[in-house]
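Engineer: My structure is in upload26.txt, and what it holds is compact mmCIF, C-alpha atoms:
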```
# COMPACT_ATOMS: atom_id res chain seq x y z
CA MET Y 1 24.02 -17.96 15.71
CA THR Y 2 26.38 -16.69 13.04
CA ILE Y 3 25.15 -13.89 10.80
CA GLU Y 4 27.83 -12.21 8.69
CA TYR Y 5 27.40 -9.09 6.57
CA LEU Y 6 29.57 -9.46 3.48
CA LYS Y 7 28.30 -6.08 2.26
CA ARG Y 8 26.41 -3.31 4.05
CA GLY Y 9 24.47 -0.32 2.77
CA LYS Y 10 24.36 3.24 4.06
CA PRO Y 11 24.37 3.53 7.86
CA ASP Y 12 21.00 4.20 9.46
CA ALA Y 13 22.20 7.63 10.59
CA GLU Y 14 22.83 8.75 7.01
CA ARG Y 15 19.47 7.40 5.91
CA ALA Y 16 17.82 9.35 8.74
CA GLN Y 17 19.50 12.55 7.52
CA ASP Y 18 18.10 11.95 4.03
CA ASP Y 19 14.64 11.41 5.52
CA ALA Y 20 14.86 14.64 7.54
CA LYS Y 21 15.67 16.68 4.41
CA THR Y 22 12.76 15.11 2.56
CA ARG Y 23 10.43 15.77 5.48
CA ALA Y 24 11.23 19.50 5.52
CA ILE Y 25 10.78 19.91 1.75
CA VAL Y 26 7.42 18.13 1.84
CA GLU Y 27 6.14 20.12 4.81
CA ALA Y 28 6.89 23.38 3.03
CA GLY Y 29 5.33 22.17 -0.20
CA LEU Y 30 2.08 21.09 1.43
CA ALA Y 31 1.83 24.42 3.24
CA GLU Y 32 2.16 26.20 -0.11
CA ILE Y 33 -0.67 24.15 -1.60
CA GLU Y 34 -2.94 24.64 1.40
CA THR Y 35 -2.64 28.42 1.23
CA GLY Y 36 -2.11 28.91 -2.51
CA GLY Y 37 -4.40 26.33 -4.08
CA ASP Y 38 -4.28 26.04 -7.86
CA ALA Y 39 -1.65 28.77 -8.19
CA ALA Y 40 0.70 26.92 -5.85
CA VAL Y 41 0.16 23.64 -7.70
CA ARG Y 42 0.97 25.32 -11.00
CA ALA Y 43 4.07 27.01 -9.61
CA MET Y 44 5.35 23.69 -8.21
CA SER Y 45 4.64 21.89 -11.47
CA GLU Y 46 6.62 24.53 -13.34
CA ARG Y 47 9.45 24.33 -10.81
CA PHE Y 48 9.75 20.57 -10.52
CA ASP Y 49 8.44 19.26 -13.88
CA ASP Y 50 8.75 22.28 -16.20
CA TYR Y 51 5.10 21.64 -17.09
CA SER Y 52 2.28 24.18 -17.17
CA PRO Y 53 -0.66 23.18 -19.41
CA ALA Y 54 -3.86 25.16 -19.85
CA SER Y 55 -5.53 22.56 -17.62
CA PHE Y 56 -3.94 19.81 -15.58
CA ARG Y 57 -7.10 17.74 -15.94
CA LEU Y 58 -7.34 15.89 -19.24
CA SER Y 59 -10.55 16.19 -21.22
CA GLU Y 60 -12.23 13.12 -22.71
CA ALA Y 61 -10.99 14.19 -26.15
CA GLU Y 62 -7.41 14.47 -24.91
CA ILE Y 63 -7.66 11.05 -23.28
CA GLN Y 64 -8.95 9.43 -26.46
CA ASN Y 65 -6.25 11.14 -28.52
CA LEU Y 66 -3.56 9.74 -26.23
CA ILE Y 67 -5.05 6.24 -26.30
CA ALA Y 68 -5.11 6.36 -30.12
CA GLN Y 69 -1.30 6.69 -30.09
CA LEU Y 70 -0.90 3.14 -28.74
CA THR Y 71 -0.54 0.09 -30.97
CA PRO Y 72 -3.07 -2.75 -30.85
CA ARG Y 73 -0.42 -4.94 -29.20
CA GLU Y 74 0.18 -2.36 -26.46
CA MET Y 75 -3.53 -2.05 -25.82
CA GLU Y 76 -3.95 -5.81 -25.63
CA ASP Y 77 -1.06 -6.12 -23.18
CA ILE Y 78 -2.61 -3.46 -20.93
CA ARG Y 79 -6.00 -5.21 -21.10
CA PHE Y 80 -4.42 -8.55 -20.22
CA ALA Y 81 -2.64 -7.12 -17.20
CA GLN Y 82 -5.77 -5.34 -15.99
CA ASP Y 83 -7.80 -8.52 -16.39
CA GLN Y 84 -5.38 -10.38 -14.12
CA VAL Y 85 -5.50 -7.63 -11.49
CA ARG Y 86 -9.29 -7.30 -11.68
CA ASN Y 87 -9.84 -11.06 -11.47
CA PHE Y 88 -7.76 -11.44 -8.33
CA ALA Y 89 -9.22 -8.28 -6.77
CA GLN Y 90 -12.75 -9.56 -7.47
CA ALA Y 91 -11.93 -12.89 -5.83
CA GLN Y 92 -10.67 -11.00 -2.79
CA ARG Y 93 -13.78 -8.81 -2.75
CA ASP Y 94 -16.01 -11.85 -2.91
CA SER Y 95 -14.33 -13.17 0.25
CA MET Y 96 -15.41 -10.09 2.22
CA LEU Y 97 -18.97 -10.64 3.34
CA ASP Y 98 -21.47 -8.45 5.11
CA ILE Y 99 -22.76 -10.26 8.18
CA GLU Y 100 -25.79 -10.09 10.45
CA VAL Y 101 -26.20 -12.39 13.45
CA GLU Y 102 -28.63 -12.73 16.36
CA THR Y 103 -26.24 -13.00 19.30
CA MET Y 104 -29.05 -13.57 21.80
CA PRO Y 105 -32.83 -13.50 21.41
CA GLY Y 106 -33.83 -10.05 20.18
CA VAL Y 107 -30.28 -8.70 19.73
CA ILE Y 108 -29.10 -8.24 16.14
CA LEU Y 109 -25.48 -7.30 15.36
CA GLY Y 110 -23.94 -6.89 11.95
CA HIS Y 111 -21.41 -5.17 9.76
CA LYS Y 112 -21.40 -3.74 6.26
CA ASN Y 113 -18.41 -3.28 3.95
CA ILE Y 114 -18.84 0.19 2.46
CA PRO Y 115 -16.50 1.61 -0.21
CA VAL Y 116 -14.52 4.76 0.56
CA GLN Y 117 -16.42 7.46 -1.28
CA SER Y 118 -13.51 9.16 -3.06
CA VAL Y 119 -9.95 8.04 -3.72
CA GLY Y 120 -6.92 9.76 -5.20
CA CYS Y 121 -4.61 7.35 -7.01
CA TYR Y 122 -1.01 8.42 -7.56
CA VAL Y 123 0.71 6.74 -10.50
CA PRO Y 124 4.47 7.39 -10.70
CA GLY Y 125 5.83 8.27 -14.10
CA GLY Y 126 8.45 11.00 -14.07
CA LYS Y 127 11.44 8.70 -14.65
CA PHE Y 128 9.69 5.52 -15.77
CA PRO Y 129 6.04 5.56 -16.91
CA MET Y 130 4.54 3.17 -14.37
CA VAL Y 131 1.67 1.80 -16.43
CA ALA Y 132 1.17 -1.08 -14.01
CA SER Y 133 0.56 1.22 -11.04
CA ALA Y 134 -2.67 2.36 -12.68
CA HIS Y 135 -3.96 -1.21 -12.65
CA MET Y 136 -3.01 -1.67 -9.03
CA SER Y 137 -4.69 1.45 -7.69
CA VAL Y 138 -7.37 2.55 -10.16
CA ALA Y 139 -8.69 -0.82 -11.34
CA THR Y 140 -8.71 -2.22 -7.80
CA ALA Y 141 -10.64 0.81 -6.54
CA SER Y 142 -13.12 0.22 -9.34
CA VAL Y 143 -13.63 -3.40 -8.28
CA ALA Y 144 -14.24 -2.16 -4.73
CA GLY Y 145 -17.01 0.12 -6.00
CA VAL Y 146 -15.46 3.50 -5.13
CA PRO Y 147 -17.84 6.08 -6.66
CA ARG Y 148 -15.21 8.77 -7.34
CA ILE Y 149 -11.73 7.78 -8.47
CA ILE Y 150 -9.26 10.47 -9.49
CA ALA Y 151 -5.80 9.70 -10.79
CA CYS Y 152 -2.64 11.79 -11.05
CA THR Y 153 0.58 11.05 -12.90
CA PRO Y 154 3.52 13.34 -13.68
CA PRO Y 155 4.38 14.34 -17.23
CA PHE Y 156 6.84 12.02 -18.97
CA LYS Y 157 9.40 13.90 -21.04
CA GLY Y 158 7.23 16.99 -20.90
CA LYS Y 159 3.84 15.51 -21.82
CA PRO Y 160 1.29 12.92 -20.73
CA ASN Y 161 2.38 9.34 -21.30
CA PRO Y 162 -0.21 7.63 -23.54
CA ALA Y 163 0.15 4.17 -21.98
CA VAL Y 164 -0.27 5.46 -18.43
CA ILE Y 165 -3.30 7.55 -19.38
CA ALA Y 166 -4.83 4.59 -21.21
CA ALA Y 167 -4.36 2.36 -18.18
CA MET Y 168 -5.94 4.97 -15.89
CA HIS Y 169 -8.92 5.39 -18.20
CA MET Y 170 -9.41 1.67 -18.79
CA GLY Y 171 -9.02 1.06 -15.06
CA GLY Y 172 -12.01 3.26 -14.31
CA ALA Y 173 -10.66 6.69 -13.31
CA HIS Y 174 -13.35 9.37 -13.35
CA GLU Y 175 -10.89 12.30 -13.40
CA ILE Y 176 -7.33 12.22 -14.76
CA TYR Y 177 -4.74 14.92 -13.97
CA VAL Y 178 -1.20 15.25 -15.25
CA MET Y 179 0.58 16.31 -12.07
CA GLY Y 180 3.41 14.75 -10.14
CA GLY Y 181 5.06 14.62 -6.77
CA ILE Y 182 4.11 16.68 -3.74
CA GLN Y 183 1.81 18.93 -5.77
CA ALA Y 184 -0.29 16.00 -6.99
CA VAL Y 185 -0.62 14.35 -3.60
CA GLY Y 186 -1.27 17.67 -1.87
CA ALA Y 187 -3.88 18.79 -4.41
CA MET Y 188 -5.80 15.50 -4.15
CA ALA Y 189 -5.78 15.46 -0.36
CA LEU Y 190 -6.19 19.15 0.46
CA GLY Y 191 -8.22 20.23 -2.54
CA THR Y 192 -7.91 23.41 -4.59
CA GLU Y 193 -10.32 25.76 -6.31
CA THR Y 194 -10.73 23.24 -9.14
CA ILE Y 195 -10.11 19.89 -7.44
CA ASP Y 196 -12.40 18.55 -4.74
CA PRO Y 197 -10.42 16.80 -1.99
CA VAL Y 198 -10.57 13.02 -1.68
CA HIS Y 199 -11.12 10.85 1.36
CA MET Y 200 -8.15 8.55 0.73
CA LEU Y 201 -4.78 8.52 -1.06
CA VAL Y 202 -3.26 5.39 -2.58
CA GLY Y 203 -0.34 4.43 -4.76
CA PRO Y 204 3.44 4.21 -4.64
CA GLY Y 205 5.91 6.96 -5.37
CA ASN Y 206 9.33 8.35 -4.60
CA ALA Y 207 10.47 9.46 -1.16
CA PHE Y 208 8.68 12.83 -1.50
CA VAL Y 209 5.37 11.21 -2.42
CA ALA Y 210 5.65 8.73 0.44
CA GLU Y 211 6.47 11.50 2.91
CA ALA Y 212 3.60 13.65 1.66
CA LYS Y 213 1.20 10.77 2.26
CA ARG Y 214 2.66 10.28 5.73
CA GLN Y 215 2.16 13.94 6.63
CA LEU Y 216 -1.38 13.98 5.27
CA PHE Y 217 -2.46 10.79 7.02
CA GLY Y 218 -5.25 11.62 9.42
CA ARG Y 219 -6.69 14.34 7.27
CA VAL Y 220 -7.19 11.63 4.68
CA GLY Y 221 -6.74 7.90 4.78
CA ILE Y 222 -3.81 6.27 3.02
CA ASP Y 223 -3.21 2.75 1.80
CA LEU Y 224 0.23 2.38 3.41
CA PHE Y 225 3.69 3.91 3.47
CA ALA Y 226 5.04 2.88 0.08
CA GLY Y 227 8.48 4.43 -0.30
CA PRO Y 228 11.44 3.45 -2.48
CA THR Y 229 11.35 -0.12 -3.76
CA GLU Y 230 12.96 -2.79 -1.59
CA THR Y 231 13.86 -6.32 -2.60
CA MET Y 232 15.31 -9.32 -0.79
CA VAL Y 233 16.51 -12.51 -2.41
CA ILE Y 234 16.56 -15.52 -0.10
CA ALA Y 235 18.61 -18.18 -1.85
CA ASP Y 236 20.62 -21.32 -1.26
CA ASP Y 237 22.80 -23.32 -3.64
CA THR Y 238 19.79 -24.64 -5.57
CA VAL Y 239 20.08 -21.51 -7.75
CA ASP Y 240 22.99 -19.73 -9.40
CA ALA Y 241 24.54 -16.31 -9.16
CA GLU Y 242 23.08 -15.06 -12.45
CA MET Y 243 19.55 -15.61 -11.11
CA CYS Y 244 20.32 -13.83 -7.84
CA ALA Y 245 22.15 -10.92 -9.43
CA THR Y 246 19.43 -10.40 -12.03
CA ASP Y 247 16.68 -10.33 -9.41
CA LEU Y 248 18.61 -7.90 -7.22
CA LEU Y 249 19.52 -5.44 -9.98
CA GLY Y 250 16.08 -5.77 -11.59
CA GLN Y 251 14.68 -3.90 -8.61
CA ALA Y 252 17.70 -1.70 -7.86
CA GLU Y 253 17.10 0.10 -11.17
CA HIS Y 254 13.93 1.65 -9.71
CA GLY Y 255 15.85 4.48 -8.06
CA TYR Y 256 19.05 5.61 -6.40
CA ASN Y 257 17.85 4.54 -2.97
CA SER Y 258 16.26 1.13 -3.54
CA PRO Y 259 17.57 -1.41 -0.98
CA ALA Y 260 18.45 -4.81 -2.42
CA VAL Y 261 19.52 -7.61 -0.08
CA LEU Y 262 20.86 -11.09 -0.73
CA LEU Y 263 20.24 -13.44 2.19
CA THR Y 264 21.93 -16.81 1.81
CA ASN Y 265 23.56 -19.71 3.61
CA SER Y 266 26.04 -20.27 0.77
CA ARG Y 267 29.28 -18.31 0.82
CA LYS Y 268 30.06 -19.58 -2.66
CA LEU Y 269 26.77 -18.19 -4.01
CA ALA Y 270 27.28 -14.88 -2.19
CA GLU Y 271 30.74 -14.33 -3.63
CA ALA Y 272 29.67 -15.43 -7.12
CA THR Y 273 26.70 -13.03 -6.99
CA VAL Y 274 29.04 -10.11 -6.27
CA SER Y 275 31.00 -10.97 -9.41
CA GLU Y 276 27.85 -11.44 -11.46
CA ILE Y 277 26.46 -8.08 -10.33
CA ALA Y 278 29.67 -6.40 -11.48
CA ARG Y 279 29.34 -8.12 -14.88
CA ILE Y 280 25.70 -7.20 -15.39
CA LEU Y 281 26.35 -3.57 -14.45
CA THR Y 282 28.66 -3.29 -17.46
CA ILE Y 283 25.81 -4.08 -19.86
CA LEU Y 284 22.60 -2.98 -18.09
CA PRO Y 285 21.11 0.14 -19.78
CA THR Y 286 19.91 1.40 -16.39
CA ALA Y 287 23.26 0.71 -14.73
CA ASP Y 288 23.79 4.29 -13.55
CA THR Y 289 20.77 4.04 -11.29
CA ALA Y 290 21.17 0.40 -10.33
CA ARG Y 291 24.87 0.79 -9.50
CA THR Y 292 24.29 3.71 -7.14
CA SER Y 293 21.43 1.90 -5.48
CA TRP Y 294 23.50 -1.28 -5.05
CA GLU Y 295 26.57 0.56 -3.79
CA ASP Y 296 24.65 2.67 -1.25
CA TYR Y 297 21.81 0.35 -0.26
CA GLY Y 298 22.81 -3.15 -1.33
CA GLU Y 299 23.58 -5.80 1.31
CA ILE Y 300 24.74 -9.40 1.38
CA ILE Y 301 23.96 -11.33 4.55
CA LEU Y 302 25.44 -14.79 5.13
CA CYS Y 303 23.78 -17.14 7.62
CA ASP Y 304 24.57 -20.65 8.82
CA THR Y 305 21.04 -22.05 8.91
CA TYR Y 306 17.62 -21.60 7.35
CA GLU Y 307 16.28 -20.66 10.78
CA GLU Y 308 18.75 -17.77 10.91
CA MET Y 309 17.72 -16.73 7.40
CA LEU Y 310 14.09 -16.73 8.49
CA LYS Y 311 14.84 -14.58 11.53
CA VAL Y 312 16.82 -12.03 9.50
CA ALA Y 313 14.16 -11.92 6.78
CA ASP Y 314 11.39 -11.18 9.27
CA ASP Y 315 13.54 -8.51 10.93
CA VAL Y 316 14.28 -6.77 7.62
CA ALA Y 317 10.60 -7.08 6.56
CA SER Y 318 11.41 -6.32 2.94
CA GLU Y 319 8.81 -5.19 0.43
CA HIS Y 320 9.53 -7.90 -2.15
CA VAL Y 321 10.93 -11.24 -1.03
CA GLN Y 322 12.13 -13.63 -3.74
CA VAL Y 323 12.56 -17.12 -2.22
CA MET Y 324 14.63 -19.64 -4.17
CA THR Y 325 15.59 -22.52 -1.88
CA ASP Y 326 15.00 -26.21 -1.38
CA ARG Y 327 12.17 -25.32 1.05
CA ASP Y 328 10.21 -22.42 -0.43
CA ASP Y 329 6.92 -23.51 1.14
CA TRP Y 330 8.60 -23.62 4.55
CA PHE Y 331 9.32 -19.90 4.22
CA LEU Y 332 5.71 -19.32 3.10
CA GLU Y 333 4.46 -21.13 6.21
CA ASN Y 334 6.81 -19.43 8.64
CA MET Y 335 7.55 -15.89 7.42
CA THR Y 336 5.41 -13.23 9.12
CA CYS Y 337 6.81 -9.83 8.06
CA TYR Y 338 7.08 -8.90 4.37
CA GLY Y 339 5.25 -7.16 1.55
CA ALA Y 340 4.80 -10.03 -0.90
CA LEU Y 341 6.49 -13.39 -1.45
CA PHE Y 342 7.66 -14.68 -4.82
CA LEU Y 343 8.24 -18.40 -4.46
CA GLY Y 344 10.63 -20.41 -6.59
CA PRO Y 345 12.95 -19.58 -9.49
CA ARG Y 346 10.10 -19.65 -12.03
CA THR Y 347 8.50 -16.71 -10.22
CA ASN Y 348 9.97 -13.21 -10.13
CA VAL Y 349 9.21 -9.80 -8.71
CA ALA Y 350 8.77 -8.22 -12.15
CA ASN Y 351 5.79 -10.52 -12.76
CA GLY Y 352 4.20 -9.21 -9.57
CA ASP Y 353 5.06 -5.65 -10.51
CA LYS Y 354 3.48 -5.77 -13.93
CA VAL Y 355 1.10 -8.56 -14.78
CA ILE Y 356 0.50 -11.63 -12.63
CA GLY Y 357 -2.47 -10.15 -10.75
CA THR Y 358 -1.36 -9.52 -7.18
CA ASN Y 359 -0.99 -5.89 -6.18
CA HIS Y 360 2.44 -4.30 -6.38
CA THR Y 361 1.79 -1.44 -3.95
CA LEU Y 362 3.46 -2.93 -0.90
CA PRO Y 363 4.76 -1.87 2.53
CA THR Y 364 8.33 -0.59 2.83
CA LYS Y 365 10.61 0.53 5.66
CA LYS Y 366 9.54 -2.38 7.89
CA ALA Y 367 5.84 -1.53 7.59
CA GLY Y 368 5.30 -5.16 6.65
CA ARG Y 369 5.46 -5.85 10.39
CA TYR Y 370 1.96 -4.36 10.80
CA THR Y 371 0.28 -4.16 7.38
CA GLY Y 372 0.02 -5.95 4.10
CA GLY Y 373 -0.08 -4.26 0.73
CA LEU Y 374 -2.79 -2.45 -1.20
CA TRP Y 375 -5.74 -4.69 -2.05
CA VAL Y 376 -9.43 -4.33 -2.68
CA GLY Y 377 -10.13 -4.46 1.06
CA LYS Y 378 -8.17 -1.25 1.63
CA TYR Y 379 -10.91 0.64 -0.19
CA LEU Y 380 -13.64 -0.83 2.01
CA LYS Y 381 -14.65 0.38 5.45
CA THR Y 382 -16.21 -2.21 7.71
CA HIS Y 383 -18.96 -0.51 9.72
CA SER Y 384 -20.90 -2.23 12.48
CA TYR Y 385 -24.53 -1.75 13.46
CA GLN Y 386 -26.79 -2.95 16.29
CA LYS Y 387 -30.51 -3.47 16.64
CA ILE Y 388 -32.67 -4.68 19.55
CA THR Y 389 -36.04 -6.04 18.46
CA THR Y 390 -37.79 -7.17 21.67
CA ASP Y 391 -38.76 -5.55 24.96
CA ALA Y 392 -37.18 -8.41 26.92
CA ALA Y 393 -33.81 -7.98 25.19
CA ALA Y 394 -33.92 -4.19 25.68
CA ALA Y 395 -34.52 -4.63 29.41
CA GLU Y 396 -31.90 -7.34 29.86
CA ILE Y 397 -29.12 -5.61 27.93
CA GLY Y 398 -30.11 -2.32 29.56
CA ALA Y 399 -29.76 -3.77 33.05
CA TYR Y 400 -26.29 -5.11 32.33
CA GLY Y 401 -25.31 -1.86 30.64
CA SER Y 402 -26.60 0.25 33.53
CA ARG Y 403 -24.63 -1.61 36.16
CA LEU Y 404 -21.46 -1.60 34.08
CA CYS Y 405 -21.80 2.17 33.49
CA ILE Y 406 -22.17 2.81 37.24
CA LEU Y 407 -19.10 0.60 37.81
CA GLU Y 408 -17.14 3.12 35.74
CA GLY Y 409 -18.85 6.19 37.20
CA PHE Y 410 -20.75 7.18 34.04
CA VAL Y 411 -24.12 8.17 35.46
CA GLY Y 412 -25.40 9.71 32.23
CA HIS Y 413 -24.48 6.56 30.34
CA ALA Y 414 -26.31 4.49 32.95
CA GLU Y 415 -29.44 6.59 32.57
CA GLN Y 416 -29.57 5.80 28.84
CA CYS Y 417 -29.78 2.15 29.87
CA ASN Y 418 -32.12 2.78 32.81
CA LEU Y 419 -34.64 4.51 30.56
CA ARG Y 420 -34.93 1.31 28.52
CA VAL Y 421 -35.18 -0.82 31.66
CA ARG Y 422 -38.06 1.34 32.92
CA ARG Y 423 -39.80 1.62 29.56
CA TYR Y 424 -39.43 -1.92 28.26
CA GLY Y 425 -38.91 -3.92 31.45
CA GLY Y 426 -41.34 -2.29 33.80
CA VAL Y 427 -38.66 -1.80 36.50
CA ASN Y 428 -38.25 1.64 38.09
CA VAL Y 429 -34.57 2.55 38.47
CA PRO Y 430 -33.85 5.81 40.34
CA TYR Y 431 -31.65 8.31 38.52
CA GLY Y 432 -27.96 7.81 39.36
CA GLU Y 433 -28.32 4.16 40.36
CA GLY Y 434 -27.53 1.00 38.48
CA ALA Y 435 -30.30 -1.30 37.40
CA PRO Y 436 -31.19 -4.08 39.85
CA ALA Y 437 -29.70 -7.51 39.53
CA ARG Y 438 -31.17 -9.62 36.77
CA ASP Y 439 -33.02 -12.04 39.07
CA ALA Y 440 -34.63 -9.13 40.98
CA ALA Y 441 -35.79 -7.60 37.70
CA GLU Y 442 -37.35 -10.88 36.68
```
Here is the file; what I need is its structure written in the form of structure tokens.
Structural biologist:
Amino acid sequence: MTIEYLKRGKPDAERAQDDAKTRAIVEAGLAEIETGGDAAVRAMSERFDDYSPASFRLSEAEIQNLIAQLTPREMEDIRFAQDQVRNFAQAQRDSMLDIEVETMPGVILGHKNIPVQSVGCYVPGGKFPMVASAHMSVATASVAGVPRIIACTPPFKGKPNPAVIAAMHMGGAHEIYVMGGIQAVGAMALGTETIDPVHMLVGPGNAFVAEAKRQLFGRVGIDLFAGPTETMVIADDTVDAEMCATDLLGQAEHGYNSPAVLLTNSRKLAEATVSEIARILTILPTADTARTSWEDYGEIILCDTYEEMLKVADDVASEHVQVMTDRDDWFLENMTCYGALFLGPRTNVANGDKVIGTNHTLPTKKAGRYTGGLWVGKYLKTHSYQKITTDAAAAEIGAYGSRLCILEGFVGHAEQCNLRVRRYGGVNVPYGEGAPARDAAE
């Protein structure tokens, strides 16, 4: 096996140092919110966003005033995108059925899919107003039937962004707050004097938002660890360098620490992509961000075979994987660790980010090894229930249960079963003993 790195990003040790700094800042910030409540949230908003309104929660009048600032074309585009997201989320929801089965005569088992009762949706927007993130979190929660949806987004250039607020409102948010970063995530999860805490946090964000969610997990549920955007382009010589470079830099512009990886079996394509990236960076308006991200986190990995490419791709477990080869469906069939796949040159990650209908909140930092992305099912809790409807079933299950409890030494557990054996089966079982064998009971 020959796997050659033509370009590497920051060493893992340096990335770990960055993570440690972020972890300490977030820990201190959450402690401030827990003890200081609204006052701490306001102080952090002033410190980080230079924003201190009379109320962080928008009134209905303020929401409508912001929506009125959008053009009809902008409103139609938002509606179209939300329709695509809602339609796919509804199809997913329809696939999740409640069940009830009789596993043996008189024994009924089932499960119900119950929505999480309150969700806090974080919508990034400090650097770029992430209108699409409102569709992905708020609208999907609405399809799931969540009864209380609150949404937070940071101010954009010192004030609420009309398009983001419109998307939140149209998506079904019941409460909308203009707050960003640690203070928003902390306020939603921990609660303050004016904000009731939620049961679950969802939505992407920068490294501080992702770390805040990680530290709060357990006190509240989270969708997944969605940190800085990652993208991988898997390509062979069926596509050209312009396509590869465009798809890499299109995601690298998200932030200064967005990994972008080209995985290929064509040295010619790899070298041409390097040149094409340099060319595009001279004309890209967001080049300052994209260049730093590419220089520090960009990688080019050259393999001999498609099998090697598959192995590397699953090991990296990138958030977005753009596949442009002569065997795209082969990668679909065989890849196991990723956030979302974008198959073929006609498809691209930006479509998934903004409009096509799949959810763009996806696992990063190898989390794709154990979870998929945000979807309607993340807002649903599958709860089981049991019911025994006949005396015979109560006695039979009770006898098995009693003996198995005694096998483990749980006498009190066994007595729960024995009581049913005595009451419904007419068999006297002394306290502290397992029920008799089934044939003796019969």
Engineer: Measuring atom to atom with all atoms listed in the file, identify which of Y:Gly398, Y:Gly171, Y:Phe331, Y:Ala241 is nearest to Glu308 (chain Y).
Structural biologist: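 Of all the options, Y:Phe331 lies closest to Glu308 (chain Y).
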Engineer: Tell me which of Y:Gln117, Y:Met179, Y:Arg73, Y:Ala399 sits closest to Val427 (chain Y), counting all atoms listed in the file.
Structural biologist: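 Distance minimum relative to Val427 (chain Y) lands on Y:Ala399.
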Engineer: Would you mind listing, for every residue of region 244-310 of chain Y within 8 Å of region 228-235 of chain Y, the two atoms forming the shortest contact and the distance between them in Å to one decimal, using all atoms listed in the file, sorted by chain and ascending residue number, as CSV?
Structural biologist:
```
residue,atom,partner,partner_atom,distance
Y:Cys244,CA,Y:Val233,CA,6.8
Y:Asp247,CA,Y:Val233,CA,7.3
Y:Leu248,CA,Y:Thr231,CA,6.8
Y:Gln251,CA,Y:Thr231,CA,6.5
Y:Ala252,CA,Y:Thr229,CA,7.7
Y:His254,CA,Y:Thr229,CA,6.7
Y:Gly255,CA,Y:Pro228,CA,7.2
Y:Asn257,CA,Y:Pro228,CA,6.5
Y:Ser258,CA,Y:Thr229,CA,5.1
Y:Pro259,CA,Y:Glu230,CA,4.9
Y:Ala260,CA,Y:Thr231,CA,4.8
Y:Val261,CA,Y:Met232,CA,4.6
Y:Leu262,CA,Y:Val233,CA,4.9
Y:Leu263,CA,Y:Ile234,CA,4.8
Y:Thr264,CA,Y:Ala235,CA,5.1
Y:Asn265,CA,Y:Ala235,CA,7.5
Y:Met309,CA,Y:Ile234,CA,7.7
```
Engineer: Within 8 Å of Leu302 (chain Y), counting all atoms listed in the file, which residues qualify if same-chain residues fewer than 5 places away don't, as a PyMOL selection string?
Structural biologist: chain Y and resi 3-6+263-267+270
Engineer: Just want the 12 Å neighbourhood of Leu407 (chain Y), counted on all atoms listed in the file, with same-chain residues fewer than 5 positions away dropped. Output as an mmCIF file with C-alpha atoms, in the frame of the given file.
Structural biologist:
```
data_model
loop_
_atom_site.group_PDB
_atom_site.id
_atom_site.type_symbol
_atom_site.label_atom_id
_atom_site.label_comp_id
_atom_site.auth_asym_id
_atom_site.auth_seq_id
_atom_site.Cartn_x
_atom_site.Cartn_y
_atom_site.Cartn_z
ATOM 1 C CA TYR Y 400 -26.290 -5.110 32.330
ATOM 2 C CA GLY Y 401 -25.310 -1.860 30.640
ATOM 3 C CA SER Y 402 -26.600 0.250 33.530
ATOM 4 C CA HIS Y 413 -24.480 6.560 30.340
ATOM 5 C CA ALA Y 414 -26.310 4.490 32.950
ATOM 6 C CA GLY Y 432 -27.960 7.810 39.360
ATOM 7 C CA GLU Y 433 -28.320 4.160 40.360
ATOM 8 C CA GLY Y 434 -27.530 1.000 38.480
ATOM 9 C CA ALA Y 435 -30.300 -1.300 37.400
#
```
Engineer: What does the distance from CA of Asn351 (chain Y) to CA of Ser293 (chain Y) come to in Å, to one decimal?
Structural biologist: 21.3 Å
Engineer: Suppose you want the space between CA of Ala278 (chain Y) and CA of Thr238 (chain Y); what is it in Å?
Structural biologist: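 So the answer is 21.6 Å.
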Engineer: Could you list, as a VMD selection string, every residue within 9 Å of Gly191 (chain Y), counting all atoms listed in the file and ignoring same-chain residues fewer than 3 positions away?
Structural biologist: chain Y and resid 33 to 34 37 to 38 186 to 188 194 to 198
Engineer: Excluding same-chain residues fewer than 6 positions from Glu242 (chain Y), what lies within 9 Å of it counting only C-alpha atoms, as a VMD selection string?
Structural biologist: chain Y and resid 272 to 273 276 to 277 280
Engineer: Under the rule that all atoms listed in the file are counted, which of Y:Gly145, Y:Pro436, Y:Pro124, Y:Gly339 is the nearest residue to Arg403 (chain Y)?
Structural biologist: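 With all atoms listed in the file as the atom set, the closest residue is Y:Pro436.
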Engineer: Quick check, in Å to one decimal: how far apart do CA of Ala40 (chain Y) and CA of Val116 (chain Y) lie?
Structural biologist: 27.6 Å
Engineer: Between Y:Val85, Y:Met44, Y:Ile176, Y:Ile301, which one has atoms that come closest to Arg8 (chain Y), using only C-alpha atoms?
Structural biologist: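 Under the stated criterion, the closest residue is Y:Ile301.
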Engineer: Pick the closest to Asn87 (chain Y) from Y:Ile108, Y:Val355, Y:Ile300, Y:Ile283: which is it, counting all atoms listed in the file?
Structural biologist: Y:Val355
Engineer: Around the point (0.2, 15.5, -20.6), in the coordinates given by the file, pick out the residues reaching within 7 Å, counting all atoms listed in the file, and return them as a VMD selection string.
Structural biologist: chain Y and resid 155 159 to 161 178
Engineer: Quick one: everything within 9 Å of region 54-62 of chain Y, counting all atoms listed in the file, minus sequence neighbours fewer than 2 positions away in the same chain. Send it as JSON, numbers by chain.
Structural biologist: {"Y": [42, 52, 64, 65, 66, 67, 152, 175, 176, 177, 178, 179]}
Engineer: Take the point (0.6, -1.5, -10.6) in the file's coordinates, draw a sphere of radius 10 Å around it, and report as a ChimeraX atom specification every protein, DNA or RNA residue with an atom inside or on it, counting all atoms listed in the file.
Structural biologist: /Y:81-82,85,123-124,130-140,167,203-204,352-355,357-361
